[in-house]
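Visitor: Sharing input.cif, mmCIF, C-alpha atoms:
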```
data_model
loop_
_atom_site.group_PDB
_atom_site.id
_atom_site.type_symbol
_atom_site.label_atom_id
_atom_site.label_comp_id
_atom_site.auth_asym_id
_atom_site.auth_seq_id
_atom_site.Cartn_x
_atom_site.Cartn_y
_atom_site.Cartn_z
ATOM 1 C CA PRO A 1 206.468 126.337 24.994
ATOM 2 C CA LEU A 2 206.019 122.744 26.060
ATOM 3 C CA GLN A 3 208.264 120.408 24.121
ATOM 4 C CA PHE A 4 208.597 116.698 24.739
ATOM 5 C CA LEU A 5 211.510 114.518 23.717
ATOM 6 C CA THR A 6 211.745 113.313 20.137
ATOM 7 C CA ALA A 7 213.015 110.063 18.720
ATOM 8 C CA SER A 8 215.987 111.662 16.987
ATOM 9 C CA GLY A 9 218.778 114.147 17.650
ATOM 10 C CA LEU A 10 218.899 115.423 21.200
ATOM 11 C CA GLY A 11 215.868 113.312 22.050
ATOM 12 C CA THR A 12 217.784 110.108 21.262
ATOM 13 C CA CYS A 13 220.675 111.162 23.467
ATOM 14 C CA ARG A 14 218.313 111.970 26.292
ATOM 15 C CA TRP A 15 216.547 108.657 25.779
ATOM 16 C CA ARG A 16 219.822 106.728 26.058
ATOM 17 C CA ARG A 17 220.804 108.604 29.206
ATOM 18 C CA ALA A 18 217.337 108.002 30.624
ATOM 19 C CA ARG A 19 217.588 104.277 29.891
ATOM 20 C CA ARG A 20 221.011 104.032 31.547
ATOM 21 C CA SER A 21 219.672 105.855 34.566
ATOM 22 C CA LEU A 22 216.560 103.697 34.522
ATOM 23 C CA ASN A 23 218.554 100.456 34.457
ATOM 24 C CA THR A 24 220.703 101.613 37.366
ATOM 25 C CA MET A 25 217.777 102.732 39.457
ATOM 26 C CA ALA A 26 215.757 99.633 38.611
ATOM 27 C CA SER A 27 218.481 97.438 40.088
ATOM 28 C CA MET A 28 218.309 99.539 43.245
ATOM 29 C CA GLU A 29 214.521 99.329 43.584
ATOM 30 C CA VAL A 30 213.929 97.735 46.976
ATOM 31 C CA GLY A 31 211.395 97.793 49.749
ATOM 32 C CA ARG A 32 207.789 98.455 48.848
ATOM 33 C CA TYR A 33 207.844 96.975 45.330
ATOM 34 C CA ALA A 34 210.637 94.384 45.306
ATOM 35 C CA ASP A 35 208.280 91.522 46.175
ATOM 36 C CA LEU A 36 206.168 91.903 43.014
ATOM 37 C CA LYS A 37 206.637 89.018 40.549
ATOM 38 C CA THR A 38 204.479 89.999 37.579
ATOM 39 C CA ILE A 39 205.098 93.753 37.738
ATOM 40 C CA ARG A 40 208.412 95.605 37.557
ATOM 41 C CA VAL A 41 208.698 98.980 39.277
ATOM 42 C CA SER A 42 211.593 101.394 38.738
ATOM 43 C CA THR A 43 212.402 105.072 39.219
ATOM 44 C CA PRO A 44 213.536 106.786 35.980
ATOM 45 C CA SER A 45 213.590 110.236 37.612
ATOM 46 C CA PRO A 46 212.725 111.802 40.978
ATOM 47 C CA PHE A 47 209.082 111.353 41.945
ATOM 48 C CA VAL A 48 208.350 109.298 38.791
ATOM 49 C CA LYS A 49 207.650 105.564 38.884
ATOM 50 C CA LEU A 50 207.710 103.326 35.820
ATOM 51 C CA VAL A 51 205.364 100.363 36.300
ATOM 52 C CA GLU A 52 205.743 97.581 33.729
ATOM 53 C CA ILE A 53 203.678 94.452 33.216
ATOM 54 C CA ASN A 54 206.452 91.886 33.313
ATOM 55 C CA ARG A 55 205.463 88.523 31.820
ATOM 56 C CA PRO A 56 207.072 88.918 28.384
ATOM 57 C CA LYS A 57 207.341 85.176 27.683
ATOM 58 C CA LYS A 58 203.567 84.934 28.110
ATOM 59 C CA LEU A 59 202.901 88.107 26.066
ATOM 60 C CA ASN A 60 202.117 89.802 29.377
ATOM 61 C CA ALA A 61 198.954 87.760 29.776
ATOM 62 C CA MET A 62 197.352 88.561 33.133
ATOM 63 C CA ASN A 63 197.425 85.548 35.437
ATOM 64 C CA ARG A 64 195.831 85.335 38.877
ATOM 65 C CA LEU A 65 198.933 86.633 40.620
ATOM 66 C CA PHE A 66 199.031 89.692 38.355
ATOM 67 C CA TRP A 67 195.502 90.735 39.313
ATOM 68 C CA LYS A 68 196.426 90.565 42.989
ATOM 69 C CA GLU A 69 199.717 92.400 42.507
ATOM 70 C CA CYS A 70 198.222 95.154 40.342
ATOM 71 C CA ARG A 71 195.875 96.162 43.133
ATOM 72 C CA GLU A 72 198.643 95.970 45.734
ATOM 73 C CA CYS A 73 201.050 97.943 43.550
ATOM 74 C CA PHE A 74 198.787 100.903 42.851
ATOM 75 C CA THR A 75 197.551 101.000 46.434
ATOM 76 C CA ARG A 76 201.164 101.330 47.578
ATOM 77 C CA LEU A 77 201.945 103.901 44.901
ATOM 78 C CA GLY A 78 198.964 105.952 46.023
ATOM 79 C CA SER A 79 200.383 106.364 49.528
ATOM 80 C CA ASP A 80 204.071 106.582 48.554
ATOM 81 C CA LYS A 81 205.266 110.142 49.290
ATOM 82 C CA ASP A 82 208.149 109.679 46.827
ATOM 83 C CA VAL A 83 205.738 109.192 43.907
ATOM 84 C CA ARG A 84 203.981 111.994 42.036
ATOM 85 C CA THR A 85 203.504 110.544 38.551
ATOM 86 C CA ILE A 86 203.303 106.985 37.190
ATOM 87 C CA VAL A 87 204.011 105.615 33.709
ATOM 88 C CA LEU A 88 202.282 102.286 33.039
ATOM 89 C CA SER A 89 203.917 100.242 30.288
ATOM 90 C CA ALA A 90 204.998 96.669 29.571
ATOM 91 C CA THR A 91 208.104 94.665 28.805
ATOM 92 C CA GLY A 92 208.450 92.491 25.710
ATOM 93 C CA ARG A 93 206.825 92.636 22.271
ATOM 94 C CA VAL A 94 203.287 93.647 23.267
ATOM 95 C CA PHE A 95 201.465 95.549 25.984
ATOM 96 C CA THR A 96 199.266 92.592 26.941
ATOM 97 C CA ALA A 97 197.478 89.633 25.399
ATOM 98 C CA GLY A 98 194.729 90.092 27.983
ATOM 99 C CA ILE A 99 193.636 87.630 30.622
ATOM 100 C CA ASP A 100 195.639 84.411 30.922
ATOM 101 C CA LEU A 101 192.887 81.959 29.952
ATOM 102 C CA LYS A 102 194.870 78.861 30.885
ATOM 103 C CA ASP A 103 195.455 80.162 34.398
ATOM 104 C CA HIS A 104 191.776 81.092 34.767
ATOM 105 C CA MET A 105 190.066 77.966 33.407
ATOM 106 C CA SER A 106 188.628 77.065 36.802
ATOM 107 C CA LEU A 107 187.037 80.503 37.054
ATOM 108 C CA PHE A 108 185.099 79.968 33.816
ATOM 109 C CA GLN A 109 184.099 76.385 34.523
ATOM 110 C CA SER A 110 181.165 75.297 36.616
ATOM 111 C CA ASP A 111 182.561 73.318 39.543
ATOM 112 C CA MET A 112 179.175 72.982 41.226
ATOM 113 C CA ASP A 113 178.119 69.549 42.459
ATOM 114 C CA GLU A 114 174.724 68.245 43.527
ATOM 115 C CA ASP A 115 175.150 69.448 47.112
ATOM 116 C CA GLN A 116 175.926 73.089 46.178
ATOM 117 C CA ASP A 117 173.269 75.763 46.019
ATOM 118 C CA ILE A 118 173.348 77.811 42.812
ATOM 119 C CA ALA A 119 172.701 81.080 44.660
ATOM 120 C CA ARG A 120 175.669 80.542 46.968
ATOM 121 C CA MET A 121 177.829 79.557 44.049
ATOM 122 C CA ALA A 122 176.803 82.773 42.279
ATOM 123 C CA TYR A 123 177.681 84.868 45.317
ATOM 124 C CA SER A 124 181.151 83.323 45.297
ATOM 125 C CA LYS A 125 181.602 84.266 41.636
ATOM 126 C CA ARG A 126 180.360 87.788 42.400
ATOM 127 C CA GLU A 127 183.038 88.237 45.048
ATOM 128 C CA THR A 128 185.711 87.052 42.618
ATOM 129 C CA ILE A 129 184.557 89.506 39.939
ATOM 130 C CA GLU A 130 184.503 92.344 42.460
ATOM 131 C CA ASN A 131 188.099 91.610 43.459
ATOM 132 C CA TYR A 132 189.163 91.706 39.808
ATOM 133 C CA GLN A 133 187.331 94.993 39.293
ATOM 134 C CA GLU A 134 189.194 96.474 42.241
ATOM 135 C CA SER A 135 192.513 95.603 40.586
ATOM 136 C CA PHE A 136 191.948 98.243 37.889
ATOM 137 C CA THR A 137 189.830 100.606 39.958
ATOM 138 C CA SER A 138 192.949 100.964 42.125
ATOM 139 C CA ILE A 139 194.573 102.699 39.120
ATOM 140 C CA GLU A 140 191.726 105.193 38.882
ATOM 141 C CA ARG A 141 191.612 105.625 42.662
ATOM 142 C CA CYS A 142 195.363 106.259 42.898
ATOM 143 C CA PRO A 143 195.661 110.052 43.402
ATOM 144 C CA LYS A 144 198.810 110.240 41.249
ATOM 145 C CA PRO A 145 198.347 110.697 37.467
ATOM 146 C CA VAL A 146 198.865 107.468 35.522
ATOM 147 C CA ILE A 147 200.199 107.717 31.953
ATOM 148 C CA CYS A 148 199.500 104.525 29.976
ATOM 149 C CA ALA A 149 202.048 103.835 27.227
ATOM 150 C CA VAL A 150 200.844 101.082 24.893
ATOM 151 C CA HIS A 151 202.865 99.244 22.250
ATOM 152 C CA GLY A 152 201.750 96.298 20.139
ATOM 153 C CA ALA A 153 198.655 94.379 21.174
ATOM 154 C CA CYS A 154 196.338 95.651 23.889
ATOM 155 C CA VAL A 155 193.755 92.901 24.141
ATOM 156 C CA GLY A 156 190.704 92.390 26.344
ATOM 157 C CA ALA A 157 191.625 93.196 29.928
ATOM 158 C CA GLY A 158 194.311 95.521 28.592
ATOM 159 C CA VAL A 159 191.562 97.882 27.419
ATOM 160 C CA ASP A 160 189.909 97.628 30.839
ATOM 161 C CA MET A 161 193.232 98.564 32.374
ATOM 162 C CA ILE A 162 194.161 101.595 30.276
ATOM 163 C CA THR A 163 190.699 103.153 30.471
ATOM 164 C CA ALA A 164 191.278 103.391 34.237
ATOM 165 C CA GLY A 165 194.373 105.523 33.561
ATOM 166 C CA ASP A 166 194.538 109.278 33.057
ATOM 167 C CA ILE A 167 196.540 109.764 29.856
ATOM 168 C CA ARG A 168 196.951 107.232 27.067
ATOM 169 C CA LEU A 169 199.763 107.209 24.503
ATOM 170 C CA CYS A 170 200.596 104.518 21.978
ATOM 171 C CA SER A 171 203.111 103.494 19.350
ATOM 172 C CA GLN A 172 202.250 103.237 15.655
ATOM 173 C CA ASN A 173 202.071 99.431 15.841
ATOM 174 C CA ALA A 174 199.552 99.403 18.687
ATOM 175 C CA PHE A 175 196.081 97.969 18.323
ATOM 176 C CA PHE A 176 193.196 97.610 20.767
ATOM 177 C CA THR A 177 190.466 95.005 20.914
ATOM 178 C CA VAL A 178 187.617 94.403 23.355
ATOM 179 C CA LYS A 179 187.945 90.644 23.046
ATOM 180 C CA GLU A 180 185.586 89.357 25.722
ATOM 181 C CA VAL A 181 182.671 88.391 23.403
ATOM 182 C CA ASP A 182 185.025 86.031 21.570
ATOM 183 C CA VAL A 183 185.506 84.021 24.771
ATOM 184 C CA GLY A 184 181.803 83.990 25.600
ATOM 185 C CA LEU A 185 181.427 86.698 28.213
ATOM 186 C CA ALA A 186 180.641 90.375 28.651
ATOM 187 C CA ALA A 187 183.588 92.513 29.767
ATOM 188 C CA ASP A 188 183.189 92.990 33.501
ATOM 189 C CA VAL A 189 186.197 94.856 34.901
ATOM 190 C CA GLY A 190 185.769 98.338 33.466
ATOM 191 C CA THR A 191 185.646 98.606 29.680
ATOM 192 C CA LEU A 192 181.860 98.740 29.351
ATOM 193 C CA GLN A 193 181.694 101.412 32.048
ATOM 194 C CA ARG A 194 184.721 103.589 31.232
ATOM 195 C CA LEU A 195 185.208 103.282 27.468
ATOM 196 C CA PRO A 196 181.936 105.107 26.610
ATOM 197 C CA LYS A 197 183.107 108.046 28.725
ATOM 198 C CA VAL A 198 186.536 108.067 27.090
ATOM 199 C CA VAL A 199 185.455 107.711 23.448
ATOM 200 C CA ARG A 200 182.103 109.525 23.697
ATOM 201 C CA SER A 201 180.600 107.626 20.770
ATOM 202 C CA GLU A 202 178.015 105.037 21.772
ATOM 203 C CA SER A 203 177.935 103.680 18.239
ATOM 204 C CA LEU A 204 181.681 103.078 18.069
ATOM 205 C CA VAL A 205 181.829 101.624 21.571
ATOM 206 C CA ARG A 206 179.072 99.156 20.799
ATOM 207 C CA GLU A 207 180.684 98.233 17.488
ATOM 208 C CA LEU A 208 184.001 97.495 19.185
ATOM 209 C CA CYS A 209 182.406 95.555 22.028
ATOM 210 C CA PHE A 210 179.989 93.516 19.860
ATOM 211 C CA THR A 211 182.462 92.632 17.089
ATOM 212 C CA ALA A 212 185.775 92.374 19.034
ATOM 213 C CA ARG A 213 187.488 93.855 15.983
ATOM 214 C CA LYS A 214 190.912 95.473 16.146
ATOM 215 C CA MET A 215 191.183 99.235 16.396
ATOM 216 C CA PHE A 216 194.580 100.474 15.258
ATOM 217 C CA ALA A 217 196.559 103.483 16.440
ATOM 218 C CA ALA A 218 195.258 106.054 13.949
ATOM 219 C CA GLU A 219 191.627 105.282 14.746
ATOM 220 C CA ALA A 220 192.377 105.188 18.474
ATOM 221 C CA LYS A 221 193.712 108.736 18.257
ATOM 222 C CA GLU A 222 190.869 109.917 16.068
ATOM 223 C CA CYS A 223 188.236 108.704 18.531
ATOM 224 C CA GLY A 224 190.106 109.963 21.600
ATOM 225 C CA LEU A 225 191.158 106.687 23.184
ATOM 226 C CA VAL A 226 194.769 107.904 22.975
ATOM 227 C CA SER A 227 195.971 111.497 22.792
ATOM 228 C CA ARG A 228 199.222 110.928 20.900
ATOM 229 C CA VAL A 229 200.751 108.305 18.583
ATOM 230 C CA PHE A 230 204.519 107.782 18.210
ATOM 231 C CA PRO A 231 206.579 105.996 15.536
ATOM 232 C CA ASP A 232 207.834 103.278 17.885
ATOM 233 C CA LYS A 233 208.085 102.234 21.521
ATOM 234 C CA LYS A 234 211.363 104.094 22.058
ATOM 235 C CA ALA A 235 209.878 107.438 21.032
ATOM 236 C CA MET A 236 206.705 106.744 22.992
ATOM 237 C CA MET A 237 208.551 105.908 26.207
ATOM 238 C CA ALA A 238 210.838 108.928 25.874
ATOM 239 C CA ASN A 239 207.806 111.181 25.619
ATOM 240 C CA ALA A 240 205.863 109.388 28.359
ATOM 241 C CA LEU A 241 208.783 109.690 30.770
ATOM 242 C CA GLY A 242 209.331 113.313 29.772
ATOM 243 C CA MET A 243 205.664 114.098 30.361
ATOM 244 C CA ALA A 244 205.743 112.306 33.720
ATOM 245 C CA LYS A 245 208.804 114.269 34.796
ATOM 246 C CA LEU A 246 207.107 117.529 33.833
ATOM 247 C CA ILE A 247 203.965 116.675 35.822
ATOM 248 C CA ALA A 248 206.088 115.594 38.792
ATOM 249 C CA SER A 249 207.686 119.043 38.866
ATOM 250 C CA LYS A 250 204.295 120.632 39.588
ATOM 251 C CA SER A 251 202.656 121.081 42.979
ATOM 252 C CA PRO A 252 201.495 117.632 44.162
ATOM 253 C CA VAL A 253 198.644 119.315 45.999
ATOM 254 C CA ALA A 254 197.439 120.907 42.748
ATOM 255 C CA VAL A 255 197.992 117.870 40.513
ATOM 256 C CA GLN A 256 196.402 115.303 42.804
ATOM 257 C CA GLY A 257 193.494 117.612 43.585
ATOM 258 C CA THR A 258 192.973 118.086 39.855
ATOM 259 C CA LYS A 259 192.870 114.334 39.228
ATOM 260 C CA MET A 260 190.377 113.703 42.007
ATOM 261 C CA ALA A 261 188.157 116.548 40.803
ATOM 262 C CA LEU A 262 188.227 115.246 37.205
ATOM 263 C CA VAL A 263 187.359 111.679 38.251
ATOM 264 C CA HIS A 264 184.517 112.981 40.410
ATOM 265 C CA ALA A 265 183.207 115.289 37.653
ATOM 266 C CA ARG A 266 183.026 112.419 35.148
ATOM 267 C CA ASP A 267 180.306 110.668 37.147
ATOM 268 C CA HIS A 268 178.479 113.715 38.554
ATOM 269 C CA SER A 269 176.606 116.793 37.382
ATOM 270 C CA VAL A 270 178.352 120.139 36.868
ATOM 271 C CA LYS A 271 176.739 121.441 40.073
ATOM 272 C CA GLU A 272 177.981 118.445 42.067
ATOM 273 C CA GLY A 273 181.448 118.866 40.557
ATOM 274 C CA LEU A 274 181.527 122.547 41.513
ATOM 275 C CA ASP A 275 180.477 121.671 45.060
ATOM 276 C CA PHE A 276 183.234 119.062 45.237
ATOM 277 C CA ILE A 277 186.018 121.423 44.164
ATOM 278 C CA LYS A 278 184.610 124.202 46.369
ATOM 279 C CA ASN A 279 184.857 121.971 49.435
ATOM 280 C CA TRP A 280 188.268 120.695 48.327
ATOM 281 C CA ASN A 281 189.807 124.112 47.724
ATOM 282 C CA MET A 282 188.462 125.714 50.891
ATOM 283 C CA SER A 283 191.372 123.962 52.606
ATOM 284 C CA MET A 284 193.804 123.398 49.731
ATOM 285 C CA LEU A 285 193.956 127.142 48.938
ATOM 286 C CA LEU A 286 195.841 127.435 52.226
ATOM 287 C CA SER A 287 198.670 125.306 50.818
ATOM 288 C CA GLU A 288 202.219 126.677 50.849
ATOM 289 C CA ASP A 289 202.497 125.464 47.245
ATOM 290 C CA ILE A 290 200.591 128.514 45.984
ATOM 291 C CA ALA A 291 203.078 130.945 47.503
ATOM 292 C CA LYS A 292 205.973 128.849 46.226
ATOM 293 C CA SER A 293 204.504 128.830 42.714
ATOM 294 C CA PHE A 294 204.091 132.604 42.660
ATOM 295 C CA ALA A 295 207.605 133.116 44.044
ATOM 296 C CA GLY A 296 209.018 130.791 41.391
ATOM 297 C CA LYS A 297 207.261 132.716 38.618
ATOM 298 C CA LEU A 298 208.599 136.029 39.868
ATOM 299 C CA ALA A 299 212.131 134.699 40.291
ATOM 300 C CA LYS A 300 211.921 132.704 37.028
ATOM 301 C CA LYS A 301 212.976 129.583 38.910
ATOM 302 C CA THR A 302 211.369 126.165 39.221
ATOM 303 C CA PRO A 303 209.840 125.914 42.703
ATOM 304 C CA ILE A 304 210.668 122.961 44.947
ATOM 305 C CA PHE A 305 207.591 121.463 46.553
ATOM 306 C CA SER A 306 207.511 119.427 49.754
ATOM 307 C CA LYS A 307 206.495 115.794 49.684
ATOM 308 C CA LEU A 308 202.791 115.191 50.110
#
```
Go ahead and render the structure in this file as structure tokens.

Guide:
Amino acid sequence: PLQFLTASGLGTCRWRRARRSLNTMASMEVGRYADLKTIRVSTPSPFVKLVEINRPKKLNAMNRLFWKECRECFTRLGSDKDVRTIVLSATGRVFTAGIDLKDHMSLFQSDMDEDQDIARMAYSKRETIENYQESFTSIERCPKPVICAVHGACVGAGVDMITAGDIRLCSQNAFFTVKEVDVGLAADVGTLQRLPKVVRSESLVRELCFTARKMFAAEAKECGLVSRVFPDKKAMMANALGMAKLIASKSPVAVQGTKMALVHARDHSVKEGLDFIKNWNMSMLLSEDIAKSFAGKLAKKTPIFSKL
């Protein structure tokens, strides 16, 4: 039976070993991710990447550079053959305080003068919004499963971000708030589009979005925003990394095909979803991974799959 790590006993020992390994491998992380300033990328185990929002002194508020780097990071992860599963977390006391308002003041201010046409100014704003939307859509578009591990506050854009992920876990002290109405705007980078399909309660979604109230961990689990709640960040991260390692041991052809089919099915009819997976599997059923999986079952050994 599937068992994830716990926060005590053997789980604690494994967590400490995992952290030591993580610290060592993080210092060795070079190449494709070393240039990122607001995001820290490390390798806690083979084929698993830990991606952390890394502005702890600013409560991981998302500045302009972060939005650019988020898109770049997940685009790279999507094509990295050494990555099969991703854990998205954050350093410091909270997951994120949302958008960095101080760094974005010019975006919210009207800098139009008498010589500027309002339509052309609006088109410029539209392009900016589209670029910000792409930052989180890159998480959804990434073919590798993304496990979001939330501790403390997850404010505003943080909700936009995690609803683009595949699996959401949180610690007992986590809370979520769709904060945009409190700063005078409608959320425009994913929450209003994805949250209703995650929670499946129009009434609750509208309540959260109209009031900007906090939703704490127990309610988040009850409504389906997160699938599991853990006593603290340590226990949550141990389980998130354990889950990621388990998924990474599976056929990458099967796992990535499953993610793409699920994302497609969310926005299409059952018939369209069946057509999608039919066309997908007409070639993917020829994969060597199927034979390897059967052989592993018969031999009672974990199969080793080639990089994808």

Visitor: Just say which residues the PyMOL selection byres ((chain A and resi 142) around 12) picks in this file, as JSON, numbers by chain.

Guide: {"A": [70, 71, 72, 73, 74, 75, 76, 77, 78, 79, 80, 83, 84, 85, 86, 134, 135, 136, 137, 138, 139, 140, 141, 143, 144, 145, 146, 164, 165, 166, 256, 257, 259, 260, 263]}

Visitor: For A:Val255, which residue out of A:Arg168, A:Ala212, A:Asp182, A:Met284 is the nearest one, using all atoms listed in the file?

Guide: A:Met284

Visitor: Give me, please, the distance in Å between atom CA of A:Ala235 and atom CA of A:Gly190, quoted to one decimal.

Guide: 28.6 Å

Visitor: Find the distance between atom CA of A:Arg64 and atom CA of A:Ala174 and write it in Å to one decimal.

Guide: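 Computed distance, atom CA of A:Arg64 to atom CA of A:Ala174, equals 24.9 Å.
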
Visitor: Convert the output of the PyMOL selection byres ((chain A and resi 99) around 8) on the shown file into explicit residues, formatted as a PyMOL selection string.

Guide: chain A and resi 61-63+97-98+100-101+104+156-157

Visitor: At what distance in Å, to one decimal, does atom CA of A:Met236 lie from atom CA of A:Thr96?

Guide: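 Here the two named atoms are 16.5 Å from each other.
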
Visitor: Work out where the centre of an axis-aligned box around every listed atom of stretch 38-53 of chain A lies and how long its edges are once 3 Å is added on each side; give both in Å to one decimal as AutoDock Vina command-line options.

Guide:
```
--center_x 208.6 --center_y 100.9 --center_z 37.6 --size_x 15.9 --size_y 27.8 --size_z 14.7
```

Visitor: Could you check which of A:Lys250, A:Lys179, A:Lys278, A:Arg40 is closest to A:Ile304, using only C-alpha atoms?

Guide: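 Ranking A:Lys250, A:Lys179, A:Lys278, A:Arg40 by distance to A:Ile304, first place goes to A:Lys250.
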